[in-house]
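*Asks:* Quick one: this structure, given as structure tokens, is what I'll be asking you about.
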Amino acid sequence: MTELSNSTAAGNSTAAGDTTAGNGSSRGWTGASAILFDLDGVLTPTAIVHERAWQELFDGYLQAVPGADGYRESDYFDHIDGKPRFDGVRDFLASRSIVLPEGPADDDPANDTVHGLGNRKNKVFNDIVESGGVAPYEGSVRFLAAAEALGLKVAVVSSSRNAPAVLLAAGLADHFPVVVDGVVAAAAGLPGKPSPATYEYAAQLLDLPSDECVVVEDAVSGVQAGSAGSFHSVIGVDRGAGRQTLLDAGATLVVDDLNELL
């Protein structure tokens, strides 16, 4: 389990400076009762692992598609980032005007179907995590400790179906009694981000109204989800999507690291 110091208190924090992008608030979480964290790219650098897994998947797949444009780094942010896995497959394929059969949800990763490709990507991702482990962002760990020290409730809301495994690998699992991931969303019949439904569901599980909960996101679709709901605020973490892009998507403020909010 990752060691969290509870010595950090928001009351002793300094202003976040220009990270508020003119918002005028030193912190986007003052007066909140809970923090709802996205996982990949917010708590852990697994967004990088996801990017690598998606690129490996589509580099291999597109080699067998005559005339198709190759996978580009921008494709991850434009079509995939923050979305449920199979939606990411569909949206990327649509960007290349490729139509594939859906296949069953548990389709063999070797099959060139929407679910087959999604399951192939999942295997690549899990292989990378198992071989290299996961280290959480230090600034995010400090921010989590500060929130817990102030008595705020916390939850993870992730499109990934691997969220519990990633939290366990990062030593953070014990801090989050509420995890709304892709599996939970599917079981509850909830639409994925950019719908606010999964974040609203997490607030319900914490027994809190949405307007007392802060959404923390690094993906455009996640920020849009927070903006679409009646949440306390939406903190964007710029891990590559771009500060202005996140503000345009509805972020209340944007930081490069959650440590800036302490």
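Chain labels A, B, ... are given in the sequence in which chains occur in the structure tokens; within each chain residues are numbered consecutively from 1, and ligands are likewise numbered from 1 in the order shown.
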Per DSSP on the backbone, filter region 16-88 of chain A down to the residues in strand (DSSP E) and report them as a list of chain:residue names.

*Replies:*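 Strand (DSSP E) members of region 16-88 of chain A, listed: A:Ala34, A:Ile35, A:Leu36, A:Phe37.
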
*Asks:* Grab the residues selected above and save them as a compact mmCIF listing (two decimals), in the first residue's frame with N, CA, C and O atoms.

*Replies:*
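Here's the written file selection31.txt:
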# COMPACT_ATOMS: atom_id res chain seq x y z
N ALA A 34 -16.46 15.87 -1.46
CA ALA A 34 -15.87 14.67 -2.03
C ALA A 34 -15.07 15.03 -3.29
O ALA A 34 -15.34 16.02 -3.97
N ILE A 35 -14.10 14.20 -3.57
CA ILE A 35 -13.31 14.31 -4.80
C ILE A 35 -13.51 13.03 -5.60
O ILE A 35 -13.27 11.93 -5.10
N LEU A 36 -13.94 13.18 -6.84
CA LEU A 36 -14.15 12.04 -7.74
C LEU A 36 -13.02 12.05 -8.77
O LEU A 36 -12.97 12.91 -9.64
N PHE A 37 -12.11 11.09 -8.62
CA PHE A 37 -10.92 11.04 -9.45
C PHE A 37 -11.10 10.13 -10.66
O PHE A 37 -11.52 8.97 -10.51

*Asks:* Tell me, as a list in words, which residues lie within 12 Å of region 62-64 of chain A, counting only C-alpha atoms; anything in the same chain fewer than 3 positions away does not count.

*Replies:* Trp54, Gln55, Glu56, Leu57, Phe58, Asp59, Gly67, Ala68, Asp69, Gly70, Tyr71, Arg72, Phe92, Leu93, Arg96, Ile98, Asp112 and Leu117 of chain A

*Asks:* For the residues selected in the previous step, produce a file with all heavy atoms as a compact mmCIF listing (two decimals), in the first residue's frame.

*Replies:*
# COMPACT_ATOMS: atom_id res chain seq x y z
N TRP A 54 -2.65 1.07 -27.23
CA TRP A 54 -3.47 1.40 -28.39
C TRP A 54 -2.62 1.49 -29.66
O TRP A 54 -3.02 1.02 -30.73
CB TRP A 54 -4.20 2.72 -28.17
CG TRP A 54 -5.42 2.62 -27.29
CD1 TRP A 54 -5.55 3.10 -26.02
CD2 TRP A 54 -6.67 2.00 -27.61
NE1 TRP A 54 -6.80 2.82 -25.53
CE2 TRP A 54 -7.51 2.15 -26.48
CE3 TRP A 54 -7.16 1.35 -28.73
CZ2 TRP A 54 -8.82 1.67 -26.45
CZ3 TRP A 54 -8.47 0.87 -28.70
CH2 TRP A 54 -9.28 1.03 -27.57
N GLN A 55 -1.44 2.12 -29.53
CA GLN A 55 -0.59 2.24 -30.71
C GLN A 55 -0.13 0.88 -31.20
O GLN A 55 -0.12 0.61 -32.40
CB GLN A 55 0.62 3.12 -30.39
CG GLN A 55 1.56 3.25 -31.59
CD GLN A 55 2.48 4.44 -31.50
OE1 GLN A 55 2.51 5.15 -30.51
NE2 GLN A 55 3.25 4.67 -32.56
N GLU A 56 0.26 0.01 -30.26
CA GLU A 56 0.68 -1.33 -30.65
C GLU A 56 -0.45 -2.09 -31.33
O GLU A 56 -0.25 -2.78 -32.34
CB GLU A 56 1.16 -2.10 -29.42
CG GLU A 56 1.72 -3.49 -29.74
CD GLU A 56 2.36 -4.15 -28.54
OE1 GLU A 56 2.92 -3.43 -27.69
OE2 GLU A 56 2.31 -5.40 -28.46
N LEU A 57 -1.67 -1.93 -30.79
CA LEU A 57 -2.83 -2.59 -31.38
C LEU A 57 -3.05 -2.13 -32.82
O LEU A 57 -3.12 -2.95 -33.74
CB LEU A 57 -4.09 -2.28 -30.55
CG LEU A 57 -5.42 -2.67 -31.21
CD1 LEU A 57 -5.59 -4.18 -31.24
CD2 LEU A 57 -6.59 -1.99 -30.52
N PHE A 58 -3.17 -0.82 -33.01
CA PHE A 58 -3.55 -0.32 -34.33
C PHE A 58 -2.39 -0.32 -35.32
O PHE A 58 -2.62 -0.43 -36.53
CB PHE A 58 -4.19 1.06 -34.21
CG PHE A 58 -5.59 1.02 -33.67
CD1 PHE A 58 -5.93 1.72 -32.52
CD2 PHE A 58 -6.56 0.26 -34.30
CE1 PHE A 58 -7.22 1.67 -32.02
CE2 PHE A 58 -7.86 0.20 -33.80
CZ PHE A 58 -8.19 0.90 -32.66
N ASP A 59 -1.16 -0.20 -34.85
CA ASP A 59 -0.02 -0.37 -35.77
C ASP A 59 -0.07 -1.74 -36.41
O ASP A 59 0.14 -1.89 -37.63
CB ASP A 59 1.30 -0.19 -35.01
CG ASP A 59 1.70 1.27 -34.84
OD1 ASP A 59 1.09 2.13 -35.49
OD2 ASP A 59 2.62 1.53 -34.05
N GLY A 67 -4.26 0.77 -47.89
CA GLY A 67 -4.58 2.18 -48.08
C GLY A 67 -4.95 2.94 -46.83
O GLY A 67 -5.20 4.15 -46.91
N ALA A 68 -5.00 2.30 -45.69
CA ALA A 68 -5.39 2.99 -44.45
C ALA A 68 -4.25 3.85 -43.93
O ALA A 68 -3.09 3.46 -43.98
CB ALA A 68 -5.81 1.97 -43.39
N ASP A 69 -4.60 5.05 -43.46
CA ASP A 69 -3.60 5.91 -42.82
C ASP A 69 -3.10 5.25 -41.55
O ASP A 69 -3.88 4.66 -40.79
CB ASP A 69 -4.20 7.28 -42.48
CG ASP A 69 -4.52 8.10 -43.72
OD1 ASP A 69 -3.93 7.81 -44.78
OD2 ASP A 69 -5.36 9.02 -43.62
N GLY A 70 -1.81 5.36 -41.30
CA GLY A 70 -1.24 4.76 -40.10
C GLY A 70 -1.68 5.46 -38.83
O GLY A 70 -2.25 6.56 -38.86
N TYR A 71 -1.43 4.82 -37.70
CA TYR A 71 -1.79 5.37 -36.40
C TYR A 71 -0.88 6.54 -36.07
O TYR A 71 0.35 6.46 -36.23
CB TYR A 71 -1.68 4.29 -35.32
CG TYR A 71 -2.14 4.73 -33.95
CD1 TYR A 71 -3.48 4.65 -33.59
CD2 TYR A 71 -1.23 5.21 -33.01
CE1 TYR A 71 -3.91 5.05 -32.33
CE2 TYR A 71 -1.65 5.61 -31.75
CZ TYR A 71 -2.99 5.53 -31.42
OH TYR A 71 -3.41 5.93 -30.17
N ARG A 72 -1.47 7.64 -35.58
CA ARG A 72 -0.71 8.83 -35.19
C ARG A 72 -0.90 9.09 -33.70
O ARG A 72 -1.93 8.73 -33.13
CB ARG A 72 -1.18 10.05 -35.98
CG ARG A 72 -1.01 9.94 -37.49
CD ARG A 72 -1.46 11.21 -38.19
NE ARG A 72 -2.91 11.38 -38.11
CZ ARG A 72 -3.77 10.96 -39.04
NH1 ARG A 72 -3.32 10.31 -40.10
NH2 ARG A 72 -5.07 11.17 -38.89
N PHE A 92 -12.11 5.22 -33.40
CA PHE A 92 -10.89 5.22 -34.21
C PHE A 92 -11.15 4.62 -35.58
O PHE A 92 -10.72 5.17 -36.60
CB PHE A 92 -9.76 4.45 -33.52
CG PHE A 92 -8.54 4.33 -34.39
CD1 PHE A 92 -7.64 5.37 -34.49
CD2 PHE A 92 -8.33 3.19 -35.17
CE1 PHE A 92 -6.54 5.28 -35.33
CE2 PHE A 92 -7.23 3.09 -36.01
CZ PHE A 92 -6.33 4.15 -36.09
N LEU A 93 -11.83 3.49 -35.61
CA LEU A 93 -12.13 2.87 -36.90
C LEU A 93 -12.95 3.81 -37.78
O LEU A 93 -12.72 3.91 -39.00
CB LEU A 93 -12.88 1.56 -36.69
CG LEU A 93 -12.10 0.42 -36.02
CD1 LEU A 93 -13.00 -0.79 -35.78
CD2 LEU A 93 -10.89 0.01 -36.85
N ARG A 96 -11.07 6.24 -39.79
CA ARG A 96 -10.42 5.66 -40.97
C ARG A 96 -11.45 5.08 -41.94
O ARG A 96 -11.09 4.38 -42.88
CB ARG A 96 -9.44 4.56 -40.55
CG ARG A 96 -8.31 5.01 -39.62
CD ARG A 96 -7.47 6.14 -40.22
NE ARG A 96 -6.21 6.34 -39.53
CZ ARG A 96 -6.03 7.17 -38.50
NH1 ARG A 96 -7.07 7.86 -38.03
NH2 ARG A 96 -4.84 7.32 -37.94
N ILE A 98 -13.46 2.68 -41.49
CA ILE A 98 -13.42 1.22 -41.42
C ILE A 98 -14.61 0.73 -40.61
O ILE A 98 -14.88 1.23 -39.51
CB ILE A 98 -12.11 0.73 -40.75
CG1 ILE A 98 -10.90 1.17 -41.57
CG2 ILE A 98 -12.13 -0.79 -40.58
CD1 ILE A 98 -9.57 0.89 -40.87
N ASP A 112 -10.59 -9.89 -35.81
CA ASP A 112 -10.70 -8.50 -36.23
C ASP A 112 -12.16 -8.06 -36.20
O ASP A 112 -12.83 -7.87 -37.23
CB ASP A 112 -10.11 -8.32 -37.64
CG ASP A 112 -8.60 -8.40 -37.64
OD1 ASP A 112 -7.99 -8.26 -36.56
OD2 ASP A 112 -8.02 -8.61 -38.72
N LEU A 117 -10.73 -6.55 -31.22
CA LEU A 117 -9.66 -5.57 -31.15
C LEU A 117 -9.58 -4.96 -29.75
O LEU A 117 -8.48 -4.75 -29.20
CB LEU A 117 -9.87 -4.46 -32.18
CG LEU A 117 -9.66 -4.84 -33.65
CD1 LEU A 117 -9.99 -3.67 -34.55
CD2 LEU A 117 -8.23 -5.30 -33.89

*Asks:* Applying 7 Å and only C-alpha atoms, which residues near region 207-220 of chain A remain after dropping the ones on its own chain fewer than 2 positions away? List them as a ChimeraX atom specification.

*Replies:* /A:29,32-38,41-42,81-82,200,203-205,222-224,226,230-239,241,246,249

*Asks:* Taking the chain letters and numbering used in this document, name the residues of region 39-244 of chain A that DSSP puts in helix (DSSP H, G or I), as a ChimeraX atom specification.

*Replies:* /A:46-62,73-80,85-95,114-132,138-149,163-169,173-175,182-188,197-205,210-212,220-228,243-244

*Asks:* Excluding Pro109 (chain A) and any residue of its chain fewer than 2 positions from it, enumerate the residues within 6 Å of it, using only C-alpha atoms, and give them as a ChimeraX atom specification.

*Replies:* /A:111,116-117,119-120
